[in-house]
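Down below is the structure, laid out as structure tokens.
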Amino acid sequence: MTFSPSELDKLAALACLDISREERERLGGELARILDFVRQLENGATDEVEPLTHPLELSQPLRADVVAEPVDRERYQRDAPRTESGYYLVPRVIE
Amino acid sequence: MKWEAVIGLEVHAQLATESKIFSSTPTRYGAEPNTQAGRIDLGYPGVLPVLNRKAVELAVRFGLAIGATIGRQSVFARKNYFYPDLPKGYQISQYDRPIVTGGGLEVVLQDGSVKPVGITRAHLEEDAGKSVHDLFPDATGIDLNRAGTPLLEIVSEPDLRSAEEAVAYLKCLHTLVRYLEICDGNMQEGSFRCDANVSVRPHGQRELATRTEIKNLNSFRFVEQAIAFEIERQTEVHEDGGTIIQETRLYDPNRRETRPLRTKEDAHDYRYFPDPDLLPLVLDEPWIQTIASSLPELPRAKRDRFMASYGLSAYDATVLTQSRALADYFETGMRARTLDPKILANWVMGEVLAGLNRDHLEIEAAPVSADELAGLLARIVDGTLSGKMAKEVFEAMWGGGGTADAVIDQKGLRQLSDTGALESVIDAVIAAHPEQWAEYCAGRDKLLGFFVGQVMQATRGQASPQLLNALIEKKRRPES
Amino acid sequence: MKPGVHALLEVARNHPGRVARYYRERIDAFNDRLNAFITVLDPPPRAEAPKADPGVLAGLPIAHKDIFVTRDVRTTCGSRMLEGFVPPYDATVVERLADAGCVLLGKTNMDEFAMGSSNETSYFGPVRNPWDLERVPGGSSGGSAAAVAAGLVPVATGTDTGGSIRQPAALCGVTGLKPTYGRVSRYGMIAFASSLDQAGILARSAEDAAWVLRAMAGHDGRDSTSADRPVPDYVAQLAEGIRGLRIGILEDCFDTGLDPEVGARIRDALRVMERLGARLCEIRLPHLALSVPAYYVLAPAECSSNLARYDGVRFGHRAEGVQDLATLYRRSRSEGFGTEVKRRILIGTYVLSHGYYDAYYLQAQRVRRLIREDFIQALSTVDLLAGPTTPTPAFRLGEKTEDPLTMYLNDIYTIGVNLAGLPALSIPAGFVRGLPIGLHLIGGDFNEGLMLAAAQAFQGATEWHTLAPPGFEASGP
């Protein structure tokens with residue numbers, strides 16, 4: 001298979017990544033080869049097989065509806081590049 | 001050509017839990033920004049979700065109440081997209097295996113008829129945070145307090161055919177979630193939000209036409225206005241030979257119109273896949289049975305019972321059962337005294353609801369309790385008060401005047417039921433209006449009202465109308 | 001010969017602080033050659049008041065792979081994205097080992113976000129193999145493996161998504177244990193592929209690994225996928241030995257691609273086990289060949305979603321001077337992530353996207369079930385499975401960086417275990433051209449004890465695990 005520049009751009013947009021001009025050709029080729037490689041999966045006879053999501057087929061545990069986690073906003077916001085008045089800031093979003 | 005609108009609603013009901021769906025921070029509304037956003041809500045590296053048992057229980061309550069199939073094994077999936085109010089870059093939701101499938105509501109329309117509306121599915125998911133656009137000059141502020149709040153997304157079948165039907169369905173659902181105590185129903189605070197899918201097709205056509213989705217409708221009024229506008233807009237487009245584009249639109253209540261949201265729809269590809277951090281949610285039969293046995297009497301059953309045991313009309317029964325608290329108020333009144341249910345119903349739906357409305361109160365905070373109202377109505381039944389006087393007493397009670405008897409004593413508001421005293425007033429009125437009396441005696445029956453009115457005026461309304469009628473009639477035909 | 005955990009605990013008890021100081025000095029002396037650490041910490045002053053319960057591992061120095069978040073200690077995950085990230089909380093593994101009395105000496109280097117098999121994708125530069133500084137230590141837990149091999153710490157934590165503990169353990173000549181999926185909490189372990197990731201240990205011996213596993217394993221209410229079952233006494237179980245165990249040889253691993261000398265050393269090691277009383281037989285797993293393709297669909301799919309949270313808003317790298325949101329996201333992520341991470345995010349995005357999901361993602365999940373069923377079937381006839389951990393000994397730095405597929409195939413023997421969720425172990429089994437190689441043992445679900453006992457018996461009869469790389473010899477504290 002091959003990756004056209006526009007397919008690659010669409011993929012990069014979904015993944016929120018920039019792909020530079022020089023990366024584009026190399027990356028397109030690599031992705032195509034990896035995807036060709038994983039195509040072998042078609043060789044598995046899987047018609048009747050249920051997909052397996054978790055290695056151990058257990059069920060979801062539930063927690064009690066109790067408020068337990070303290071929130072230290074000042075501490076958390078020290079990790080953030082830009083905050084003001086308790087808000088995380090991003091460039092203006094126009095709706 | 002005749003056109004037919006096809007409407008389906010997606011409702012996001014915030015589930016009434018103390019803590020979030022996958023984390024143990026509070027869900028309280030109105031806190032300072034980001035003071036209720038913990039590590040899991042903020043999507044910190046390495047943190048993991050653990051499901052809140054109460055959220056599951058509330059979803060099951062809903063499913064059982066609408067006669068749905070409860071998924072014995074449901075699956076959480078990730079819906080992937082980038083947005084600043086979505087901290088992890090994905091929303092945990094349910095996709096192809098929701099917790100609730102099928103079921104429906106029987107919606108009472110304005111004309112009293114009942115319309116069944118199907119529910120496609122209801123699934124658990126987490127809410128996103130909020131973006132604040134007007135607080136900073138060059139930036140958008142992100143408040144993640146709401147991130148992770150449990151939601152039940154309830155998707156209806158496209159069974160609705162008008163804006164009025166859509167609102168009736170929405171009100172019915174709103175009543176139900178509050179009955180079940182799974183959601184506080186507060187629309188201003190966003191606890192009960194609605195998106196509407198609207199399309200218009202030629203009458204008689206079976207296939208669905210292209211639809212638009214109107215997002216974030218947060219009042220019944222806006223739902224009705226937005227859908228009505230959208231039906232009209234789409235009808236016009238069809239009639240002009242145009243085509244409808246599948247898109248998301250927003251309703252502007254100021255301009256009373258919907259307009260398209262500026263997003264690149266084709267850029268969306270949510271890449272749903274089962275969340276590997278969460279295991280399949282398996283519900284065992286005993287737990288479902290426990291939840292089922294804890295369900296309250298549901299609105300429809302209560303309405304039917306009100307009609308059957310109290311002899312109320314469908315309309316009265318519907319109004320009185322619109323909330324559990326109102327229905328309880330009515331039934332408390334019925335238990336307090338022996339009353340004609342219709343009289344009590346009229347007073348609850350009339351004076352009580354009007355008073356609550358005027359003073360912006362909930363029924364739980366009504367200044368006149370159901371017991372007190374029943375006490376007042378008993379004074380009408382025993383002839384102490386006329387209806388008109390009772391309203392005056394009710395106003396005084398509402399204003400903090402105490403029980404009906406206390407107000408009656410204090411104001412000296414006792415109906416004149418002393419026959420002798422009334423007869424002398426009647427005689428005086430007859431003497432003052434000899435011509436009318438002659439006509440009345442000659443058979444002009446409708447003059448009775450004139451004489452009753454004159455006597456009432458003279459007694460400042462304290463005469464018992466029944467007694468008065470009887471006495472005047474007796475004067476006309478003394479021999480009978 | 002360097003002393004094991006048991007002996008170190010004795011020294012630590014009698015001479016508080018000495019053990020930690022000894023290893024801390026070795027880090028200072030040798031880390032420049034290896035680049036095994038991203039962050040080095042000073043042990044707390046030994047004047048610290050003795051605790052009522054000092055813990056079963058009191059005074060034992062440890063290093064954590066820099067994928068485990070550590071409160072107030074920078075945690076980078078080998079990425080520029082988290083270059084300055086100082087977490088406000090501890091991973092469960094970190095917490096449990098601290099409670100047991102371990103002394104944290106540093107955070108080890110790793111492939112970026114654990115994506116790599118050579119440690120060359122680290123933003124902080126590659127780790128070097130102490131057996132040959134021109135060669136890779138393996139990855140992604142290469143820093144931990146190199147640090148243990150060189151005697152800079154007696155034990156270190158690692159994580160294993162497709163072989164990231166066992167492959168570097170093999171290439172560095174140490175013991176590497178990947179427990180059963182769910183045995184150790186993933187809380188606070190920065191996610192790569194959630195359904196495959198499992199925390200484990202790099203140590204000098206199976207016995208040392210048993211000591212650490214006993215302290216770090218167990219149910220954690222903060223991880224929904226954590227197994228709620230008791231933790232056996234792995235140290236006590238070591239005495240159970242290998243006699244009478246049925247061991248199935250994974251013949252598929254000897255077919256193609258295997259360096260014949262590696263194959264010969266593994267056959268030698270298996271004969272040692274037979275001599276010790278194990279019964280050998282041949283096993284074939286029909287779908288094992290599909291494990292690498294299944295993995296390279298599932299792991300990237302999960303990673304593409306797990307890494308979406310790095311957007312430069314709440315923590316991590318944020319691009320400068322950007323005026324609009326879309327550019328902020330794209331630029332922050334493109335600057336913060338390295339090539340291999342981007343490559344995997346793109347593959348993962350592709351296989352989950354509309355129109356490809358069924359053919360790639362669902363198909364890979366179906367194959368995953370077939371692979372697990374193969375293993376379970378085999379493990380119903382034998383107690384353990386055995387084979388080589390890697391096809392070759394350590395390769396040269398840069399040798400495989402040009403071709404991602406060649407690099408991916410390095411994990412061909414280890415990946416199936418992660419898909420199946422089973423516990424596995426790599427133990428030193430000899431040398432090929434002066435470089436260590438590993439014997440791979442695979443057990444049934446939650447059968448770590450049995451596996452460790454077999455490894456312990458093997459190590460009682462061999463010396464491979466006691467050898468130190470030339471130039472890194474140590475006498476012990």
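Identifiers in the structure tokens: chain A, B, ... in order shown; residue index from 1 per chain; ligand index from 1 in order shown.
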
Each residue of stretch 1-29 of chain A lying at most 9 Å from stretch 345-361 of chain C should get a row with its shortest atom-to-atom pair and the distance in Å to one decimal, counting only C-alpha atoms; could you produce that, ordered by chain and increasing number, as a Markdown table?
| residue | atom | partner | partner_atom | distance |
| --- | --- | --- | --- | --- |
| A:Leu8 | CA | C:Leu346 | CA | 8.8 |
| A:Leu11 | CA | C:Leu346 | CA | 6.6 |
| A:Ala12 | CA | C:Leu346 | CA | 6.8 |
| A:Leu14 | CA | C:Thr349 | CA | 7.3 |
| A:Ala15 | CA | C:Thr349 | CA | 6.4 |
| A:Leu17 | CA | C:Leu346 | CA | 8.7 |

Expected answer as a VMD selection string: strand (DSSP E or B) residues in stretch 111-347 of chain B | chain B and resid 114 to 126 130 to 132 139 to 143 150 to 156 160 192 to 202 212 to 217 248 to 252 257 to 260 273 to 274 281 to 282

Show me, as a tab-separated table (two decimals) with all heavy atoms, in the first residue's frame, the residues that have an atom within 9 Å of stretch 123-133 of chain B when counting only C-alpha atoms, minus same-chain residues fewer than 6 positions from it.
chain	number	residue	atom	x	y	z
A	87	TYR	N	-8.15	29.33	36.30
A	87	TYR	CA	-8.47	28.68	35.02
A	87	TYR	C	-7.19	28.26	34.31
A	87	TYR	O	-6.16	28.93	34.42
A	87	TYR	CB	-9.21	29.65	34.09
A	87	TYR	CG	-10.61	29.98	34.52
A	87	TYR	CD1	-10.87	31.04	35.38
A	87	TYR	CD2	-11.69	29.22	34.06
A	87	TYR	CE1	-12.16	31.36	35.79
A	87	TYR	CE2	-12.99	29.53	34.46
A	87	TYR	CZ	-13.21	30.58	35.33
A	87	TYR	OH	-14.50	30.88	35.71
A	92	ARG	N	-7.54	31.84	22.46
A	92	ARG	CA	-8.99	32.06	22.36
A	92	ARG	C	-9.65	31.11	21.37
A	92	ARG	O	-9.22	30.94	20.24
A	92	ARG	CB	-9.24	33.50	21.93
A	92	ARG	CG	-10.66	33.90	22.22
A	92	ARG	CD	-10.88	35.39	21.97
A	92	ARG	NE	-12.20	35.71	22.46
A	92	ARG	CZ	-12.44	36.08	23.70
A	92	ARG	NH1	-11.45	36.21	24.55
A	92	ARG	NH2	-13.67	36.35	24.10
A	93	VAL	N	-10.72	30.46	21.84
A	93	VAL	CA	-11.50	29.56	20.99
A	93	VAL	C	-12.70	30.32	20.49
A	93	VAL	O	-13.45	30.90	21.28
A	93	VAL	CB	-11.97	28.33	21.79
A	93	VAL	CG1	-12.78	27.40	20.91
A	93	VAL	CG2	-10.79	27.61	22.40
A	94	ILE	N	-12.87	30.36	19.19
A	94	ILE	CA	-14.06	31.04	18.63
A	94	ILE	C	-15.10	29.98	18.31
A	94	ILE	O	-14.82	29.02	17.60
A	94	ILE	CB	-13.71	31.84	17.36
A	94	ILE	CG1	-12.57	32.80	17.67
A	94	ILE	CG2	-14.92	32.61	16.85
A	94	ILE	CD1	-11.36	32.61	16.82
B	14	GLN	N	-27.83	14.59	34.13
B	14	GLN	CA	-26.74	14.43	35.09
B	14	GLN	C	-27.23	13.57	36.25
B	14	GLN	O	-28.23	13.88	36.89
B	14	GLN	CB	-26.30	15.80	35.60
B	14	GLN	CG	-25.19	15.68	36.62
B	14	GLN	CD	-24.75	17.03	37.15
B	14	GLN	OE1	-24.74	18.02	36.43
B	14	GLN	NE2	-24.39	17.08	38.42
B	20	LYS	N	-17.84	11.82	41.23
B	20	LYS	CA	-17.87	11.68	39.78
B	20	LYS	C	-17.95	10.23	39.34
B	20	LYS	O	-17.85	9.31	40.15
B	20	LYS	CB	-16.66	12.40	39.20
B	20	LYS	CG	-16.81	13.90	39.42
B	20	LYS	CD	-15.71	14.71	38.81
B	20	LYS	CE	-16.01	16.19	39.11
B	20	LYS	NZ	-14.85	17.02	38.77
B	21	ILE	N	-18.12	10.05	38.05
B	21	ILE	CA	-18.37	8.68	37.56
B	21	ILE	C	-17.12	7.81	37.67
B	21	ILE	O	-17.22	6.63	37.97
B	21	ILE	CB	-18.96	8.68	36.14
B	21	ILE	CG1	-19.28	7.25	35.67
B	21	ILE	CG2	-18.07	9.37	35.13
B	21	ILE	CD1	-20.17	7.17	34.46
B	22	PHE	N	-15.94	8.40	37.46
B	22	PHE	CA	-14.72	7.58	37.49
B	22	PHE	C	-13.70	8.09	38.52
B	22	PHE	O	-12.56	7.65	38.52
B	22	PHE	CB	-14.07	7.53	36.11
B	22	PHE	CG	-14.94	6.87	35.07
B	22	PHE	CD1	-15.39	7.59	33.97
B	22	PHE	CD2	-15.31	5.54	35.21
B	22	PHE	CE1	-16.19	6.98	33.02
B	22	PHE	CE2	-16.10	4.93	34.26
B	22	PHE	CZ	-16.56	5.65	33.16
B	55	ALA	N	-23.72	5.49	40.12
B	55	ALA	CA	-24.07	5.90	38.75
B	55	ALA	C	-24.69	4.73	37.99
B	55	ALA	O	-25.67	4.89	37.26
B	55	ALA	CB	-22.82	6.42	38.03
B	56	VAL	N	-24.12	3.55	38.20
B	56	VAL	CA	-24.65	2.35	37.53
B	56	VAL	C	-26.06	2.07	38.04
B	56	VAL	O	-26.98	1.82	37.26
B	56	VAL	CB	-23.74	1.14	37.83
B	56	VAL	CG1	-24.33	-0.13	37.24
B	56	VAL	CG2	-22.33	1.38	37.30
B	59	ALA	N	-28.62	4.40	36.54
B	59	ALA	CA	-28.90	4.07	35.14
B	59	ALA	C	-29.84	2.87	35.07
B	59	ALA	O	-30.77	2.83	34.25
B	59	ALA	CB	-27.60	3.80	34.39
B	76	PHE	N	-17.58	0.06	28.26
B	76	PHE	CA	-17.20	1.46	28.12
B	76	PHE	C	-16.22	1.61	26.97
B	76	PHE	O	-15.32	0.80	26.79
B	76	PHE	CB	-16.58	1.98	29.42
B	76	PHE	CG	-17.61	2.15	30.49
B	76	PHE	CD1	-17.86	1.14	31.41
B	76	PHE	CD2	-18.38	3.30	30.54
B	76	PHE	CE1	-18.84	1.29	32.37
B	76	PHE	CE2	-19.37	3.46	31.50
B	76	PHE	CZ	-19.60	2.45	32.42
B	84	PRO	N	-10.23	21.51	24.37
B	84	PRO	CA	-9.61	21.87	25.65
B	84	PRO	C	-10.44	21.47	26.88
B	84	PRO	O	-9.87	21.26	27.95
B	84	PRO	CB	-9.46	23.39	25.59
B	84	PRO	CG	-9.87	23.81	24.25
B	84	PRO	CD	-10.39	22.66	23.48
B	85	ASP	N	-11.76	21.34	26.73
B	85	ASP	CA	-12.53	20.95	27.92
B	85	ASP	C	-12.59	19.42	28.08
B	85	ASP	O	-13.26	18.91	28.95
B	85	ASP	CB	-13.93	21.58	27.92
B	85	ASP	CG	-14.79	21.14	26.76
B	85	ASP	OD1	-14.45	20.12	26.13
B	85	ASP	OD2	-15.80	21.80	26.49
B	86	LEU	N	-11.87	18.71	27.22
B	86	LEU	CA	-11.82	17.24	27.30
B	86	LEU	C	-10.38	16.84	27.64
B	86	LEU	O	-9.56	16.60	26.76
B	86	LEU	CB	-12.23	16.66	25.94
B	86	LEU	CG	-12.46	15.15	25.92
B	86	LEU	CD1	-13.71	14.78	26.69
B	86	LEU	CD2	-12.58	14.66	24.48
B	87	PRO	N	-10.08	16.74	28.93
B	87	PRO	CA	-8.67	16.67	29.34
B	87	PRO	C	-7.89	15.47	28.80
B	87	PRO	O	-6.71	15.60	28.52
B	87	PRO	CB	-8.74	16.59	30.86
B	87	PRO	CG	-10.12	16.98	31.23
B	87	PRO	CD	-11.00	16.73	30.07
B	91	GLN	N	-13.39	10.97	25.50
B	91	GLN	CA	-14.47	10.91	26.48
B	91	GLN	C	-14.80	9.44	26.71
B	91	GLN	O	-14.95	8.68	25.75
B	91	GLN	CB	-15.71	11.64	25.92
B	91	GLN	CG	-16.91	11.59	26.85
B	91	GLN	CD	-18.19	12.01	26.15
B	91	GLN	OE1	-18.35	11.81	24.95
B	91	GLN	NE2	-19.12	12.58	26.90
B	92	ILE	N	-14.92	9.05	27.97
B	92	ILE	CA	-15.34	7.67	28.25
B	92	ILE	C	-16.86	7.63	28.15
B	92	ILE	O	-17.56	8.38	28.84
B	92	ILE	CB	-14.87	7.18	29.62
B	92	ILE	CG1	-13.35	7.33	29.75
B	92	ILE	CG2	-15.27	5.72	29.81
B	92	ILE	CD1	-12.81	6.95	31.13
B	93	SER	N	-17.35	6.77	27.27
B	93	SER	CA	-18.78	6.70	27.00
B	93	SER	C	-19.11	5.23	26.76
B	93	SER	O	-18.30	4.35	27.05
B	93	SER	CB	-19.07	7.55	25.76
B	93	SER	OG	-20.44	7.54	25.45
B	94	GLN	N	-20.30	4.97	26.29
B	94	GLN	CA	-20.63	3.60	25.88
B	94	GLN	C	-21.03	3.66	24.42
B	94	GLN	O	-21.67	4.63	24.01
B	94	GLN	CB	-21.75	3.02	26.75
B	94	GLN	CG	-21.32	2.83	28.19
B	94	GLN	CD	-22.33	2.03	28.99
B	94	GLN	OE1	-23.49	2.38	29.05
B	94	GLN	NE2	-21.88	0.94	29.60
B	95	TYR	N	-20.67	2.66	23.66
B	95	TYR	CA	-20.89	2.75	22.23
B	95	TYR	C	-21.79	1.63	21.75
B	95	TYR	O	-23.01	1.75	21.78
B	95	TYR	CB	-19.53	2.76	21.52
B	95	TYR	CG	-19.59	3.00	20.04
B	95	TYR	CD1	-20.26	4.10	19.52
B	95	TYR	CD2	-18.96	2.12	19.15
B	95	TYR	CE1	-20.30	4.32	18.16
B	95	TYR	CE2	-19.00	2.33	17.79
B	95	TYR	CZ	-19.67	3.43	17.30
B	95	TYR	OH	-19.71	3.64	15.95
B	97	ARG	N	-22.31	-1.32	23.15
B	97	ARG	CA	-22.99	-2.12	24.18
B	97	ARG	C	-23.39	-1.26	25.36
B	97	ARG	O	-22.73	-1.26	26.40
B	97	ARG	CB	-22.09	-3.29	24.60
B	97	ARG	CG	-21.82	-4.23	23.42
B	97	ARG	CD	-20.94	-5.37	23.80
B	97	ARG	NE	-21.65	-6.38	24.57
B	97	ARG	CZ	-21.10	-7.54	24.92
B	97	ARG	NH1	-19.86	-7.81	24.60
B	97	ARG	NH2	-21.81	-8.42	25.60
B	98	PRO	N	-24.48	-0.50	25.20
B	98	PRO	CA	-24.92	0.40	26.27
B	98	PRO	C	-25.59	-0.36	27.42
B	98	PRO	O	-25.96	-1.52	27.25
B	98	PRO	CB	-25.92	1.32	25.57
B	98	PRO	CG	-26.48	0.49	24.47
B	98	PRO	CD	-25.37	-0.45	24.03
B	99	ILE	N	-25.77	0.31	28.53
B	99	ILE	CA	-26.36	-0.34	29.70
B	99	ILE	C	-27.88	-0.49	29.56
B	99	ILE	O	-28.47	-1.41	30.11
B	99	ILE	CB	-25.97	0.42	31.00
B	99	ILE	CG1	-26.41	-0.34	32.24
B	99	ILE	CG2	-26.49	1.85	31.02
B	99	ILE	CD1	-25.75	0.12	33.52
B	100	VAL	N	-28.51	0.42	28.80
B	100	VAL	CA	-29.97	0.39	28.65
B	100	VAL	C	-30.33	0.40	27.17
B	100	VAL	O	-29.85	1.25	26.42
B	100	VAL	CB	-30.61	1.61	29.35
B	100	VAL	CG1	-32.10	1.73	28.99
B	100	VAL	CG2	-30.44	1.54	30.86
B	101	THR	N	-31.14	-0.57	26.75
B	101	THR	CA	-31.58	-0.62	25.36
B	101	THR	C	-33.09	-0.80	25.31
B	101	THR	O	-33.63	-1.65	26.02
B	101	THR	CB	-30.93	-1.82	24.64
B	101	THR	OG1	-29.53	-1.83	24.92
B	101	THR	CG2	-31.11	-1.71	23.13
B	139	ALA	N	-7.69	35.07	25.69
B	139	ALA	CA	-7.59	33.63	25.93
B	139	ALA	C	-8.94	33.07	26.34
B	139	ALA	O	-9.85	33.80	26.74
B	139	ALA	CB	-6.57	33.36	27.04
B	140	THR	N	-9.05	31.75	26.20
B	140	THR	CA	-10.22	31.04	26.71
B	140	THR	C	-9.79	30.35	28.00
B	140	THR	O	-8.71	29.75	28.05
B	140	THR	CB	-10.69	30.01	25.66
B	140	THR	OG1	-11.25	30.73	24.56
B	140	THR	CG2	-11.76	29.08	26.24
B	141	GLY	N	-10.62	30.46	29.03
B	141	GLY	CA	-10.33	29.81	30.31
B	141	GLY	C	-11.00	28.45	30.35
B	141	GLY	O	-12.10	28.28	29.85
B	142	ILE	N	-10.30	27.49	30.95
B	142	ILE	CA	-10.85	26.14	31.03
B	142	ILE	C	-11.09	25.79	32.50
B	142	ILE	O	-10.19	25.87	33.33
B	142	ILE	CB	-9.88	25.10	30.43
B	142	ILE	CG1	-9.45	25.49	29.01
B	142	ILE	CG2	-10.51	23.71	30.44
B	142	ILE	CD1	-10.57	25.56	28.00
B	143	ASP	N	-12.34	25.44	32.80
B	143	ASP	CA	-12.72	25.01	34.15
B	143	ASP	C	-13.14	23.54	34.05
B	143	ASP	O	-14.11	23.22	33.37
B	143	ASP	CB	-13.88	25.88	34.64
B	143	ASP	CG	-14.45	25.39	35.97
B	143	ASP	OD1	-13.82	24.51	36.60
B	143	ASP	OD2	-15.51	25.89	36.37
B	144	LEU	N	-12.41	22.68	34.73
B	144	LEU	CA	-12.67	21.24	34.58
B	144	LEU	C	-13.45	20.66	35.77
B	144	LEU	O	-13.46	19.45	35.97
B	144	LEU	CB	-11.34	20.51	34.37
B	144	LEU	CG	-10.67	20.91	33.04
B	144	LEU	CD1	-9.26	20.35	32.95
B	144	LEU	CD2	-11.49	20.46	31.84
B	145	ASN	N	-14.11	21.53	36.54
B	145	ASN	CA	-14.93	21.02	37.65
B	145	ASN	C	-15.98	20.01	37.18
B	145	ASN	O	-16.26	19.04	37.86
B	145	ASN	CB	-15.66	22.16	38.35
B	145	ASN	CG	-14.75	22.89	39.33
B	145	ASN	OD1	-13.68	22.40	39.66
B	145	ASN	ND2	-15.18	24.05	39.77
B	146	ARG	N	-16.58	20.28	36.04
B	146	ARG	CA	-17.66	19.42	35.57
B	146	ARG	C	-17.12	18.15	34.89
B	146	ARG	O	-17.87	17.19	34.66
B	146	ARG	CB	-18.55	20.20	34.59
B	146	ARG	CG	-19.96	19.69	34.51
B	146	ARG	CD	-20.80	20.52	33.55
B	146	ARG	NE	-20.26	20.47	32.20
B	146	ARG	CZ	-20.73	21.17	31.18
B	146	ARG	NH1	-21.74	22.00	31.35
B	146	ARG	NH2	-20.19	21.08	29.97
B	147	ALA	N	-15.84	18.15	34.54
B	147	ALA	CA	-15.27	16.99	33.84
B	147	ALA	C	-15.41	15.75	34.71
B	147	ALA	O	-15.04	15.76	35.88
B	147	ALA	CB	-13.80	17.25	33.52
B	148	GLY	N	-15.99	14.71	34.15
B	148	GLY	CA	-16.14	13.47	34.90
B	148	GLY	C	-17.46	13.34	35.63
B	148	GLY	O	-17.70	12.33	36.29
B	149	THR	N	-18.32	14.34	35.53
B	149	THR	CA	-19.65	14.23	36.14
B	149	THR	C	-20.43	13.15	35.39
B	149	THR	O	-20.40	13.11	34.18
B	149	THR	CB	-20.37	15.59	36.04
B	149	THR	OG1	-19.59	16.55	36.74
B	149	THR	CG2	-21.76	15.53	36.63
B	150	PRO	N	-21.13	12.27	36.13
B	150	PRO	CA	-21.83	11.19	35.43
B	150	PRO	C	-23.06	11.68	34.67
B	150	PRO	O	-23.85	12.45	35.20
B	150	PRO	CB	-22.25	10.23	36.55
B	150	PRO	CG	-22.23	11.04	37.78
B	150	PRO	CD	-21.25	12.15	37.59
B	151	LEU	N	-23.18	11.22	33.45
B	151	LEU	CA	-24.35	11.56	32.63
B	151	LEU	C	-25.01	10.27	32.16
B	151	LEU	O	-24.34	9.27	31.92
B	151	LEU	CB	-23.93	12.34	31.38
B	151	LEU	CG	-23.25	13.69	31.56
B	151	LEU	CD1	-22.88	14.25	30.17
B	151	LEU	CD2	-24.17	14.66	32.29
B	152	LEU	N	-26.32	10.34	32.03
B	152	LEU	CA	-27.05	9.29	31.33
B	152	LEU	C	-27.55	9.94	30.05
B	152	LEU	O	-28.31	10.91	30.11
B	152	LEU	CB	-28.22	8.77	32.17
B	152	LEU	CG	-28.92	7.53	31.62
B	152	LEU	CD1	-27.98	6.33	31.62
B	152	LEU	CD2	-30.18	7.21	32.42
B	153	GLU	N	-27.06	9.48	28.91
B	153	GLU	CA	-27.56	10.03	27.65
B	153	GLU	C	-28.72	9.17	27.18
B	153	GLU	O	-28.56	7.97	26.96
B	153	GLU	CB	-26.47	10.08	26.57
B	153	GLU	CG	-27.03	10.66	25.27
B	153	GLU	CD	-26.01	10.90	24.17
B	153	GLU	OE1	-24.82	11.03	24.47
B	153	GLU	OE2	-26.44	10.94	22.99
B	154	ILE	N	-29.89	9.80	27.07
B	154	ILE	CA	-31.12	9.09	26.74
B	154	ILE	C	-31.53	9.47	25.33
B	154	ILE	O	-31.82	10.63	25.05
B	154	ILE	CB	-32.23	9.45	27.75
B	154	ILE	CG1	-31.75	9.17	29.19
B	154	ILE	CG2	-33.52	8.72	27.43
B	154	ILE	CD1	-32.53	9.93	30.25
B	155	VAL	N	-31.52	8.49	24.45
B	155	VAL	CA	-31.77	8.76	23.03
B	155	VAL	C	-33.15	8.22	22.67
B	155	VAL	O	-33.42	7.03	22.83
B	155	VAL	CB	-30.70	8.07	22.15
B	155	VAL	CG1	-30.93	8.38	20.68
B	155	VAL	CG2	-29.31	8.49	22.59

Spatial neighbours of C:Ala20, max dist 12 Å, only C-alpha atoms, sep filter under 4 positions, as a PyMOL selection string | chain C and resi 8-9+11-13+15-16+24-27+41-46+58-63+101-106+152-154+476-477

Kindly determine which residues of chain B lie within 8 Å of chain A, considering only C-alpha atoms, and give the answer as a ChimeraX atom specification.
-> /B:17-20,23-26,32-38,50-54,81-82,84,133,138-143,261-262,267-269,274,276,278-282

Just give me the gap between atom CA of C:Arg369 and atom CA of C:Ser305 in Å, one decimal is fine.
-> 22.0 Å

Enumerate as a list of chain:residue names the residues belonging to chain C that approach chain B to within 7 Å, with only C-alpha atoms taken into account.
->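 Listed by rising number, the hits are C:Tyr187, C:Gly188, C:Met189, C:Ile190, C:Ala191, C:Ser194, C:Ser195, C:Arg222, C:Asp223, C:Ser224, C:Thr225, C:Ser305, C:Ala308, C:Arg309, C:Leu352, C:Ser353, C:His354.
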
Prev. selection, C-alpha atoms, output as a compact mmCIF listing (two decimals), in the first residue's frame:
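So out_6.txt came out as:
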# COMPACT_ATOMS: atom_id res chain seq x y z
CA TYR C 187 -1.84 3.20 38.88
CA GLY C 188 0.74 5.91 38.35
CA MET C 189 2.54 3.96 35.66
CA ILE C 190 2.40 6.19 32.60
CA ALA C 191 0.31 4.31 30.08
CA SER C 194 -3.13 -0.24 28.81
CA SER C 195 -4.23 -3.79 28.04
CA ARG C 222 -7.33 2.52 42.05
CA ASP C 223 -6.71 0.22 39.07
CA SER C 224 -9.87 -1.45 37.71
CA THR C 225 -7.77 -4.05 35.90
CA SER C 305 -5.54 7.40 22.59
CA ALA C 308 -3.91 12.32 23.48
CA ARG C 309 -3.81 13.91 26.95
CA LEU C 352 -8.92 2.86 14.64
CA SER C 353 -10.24 5.21 11.98
CA HIS C 354 -13.44 4.86 10.08
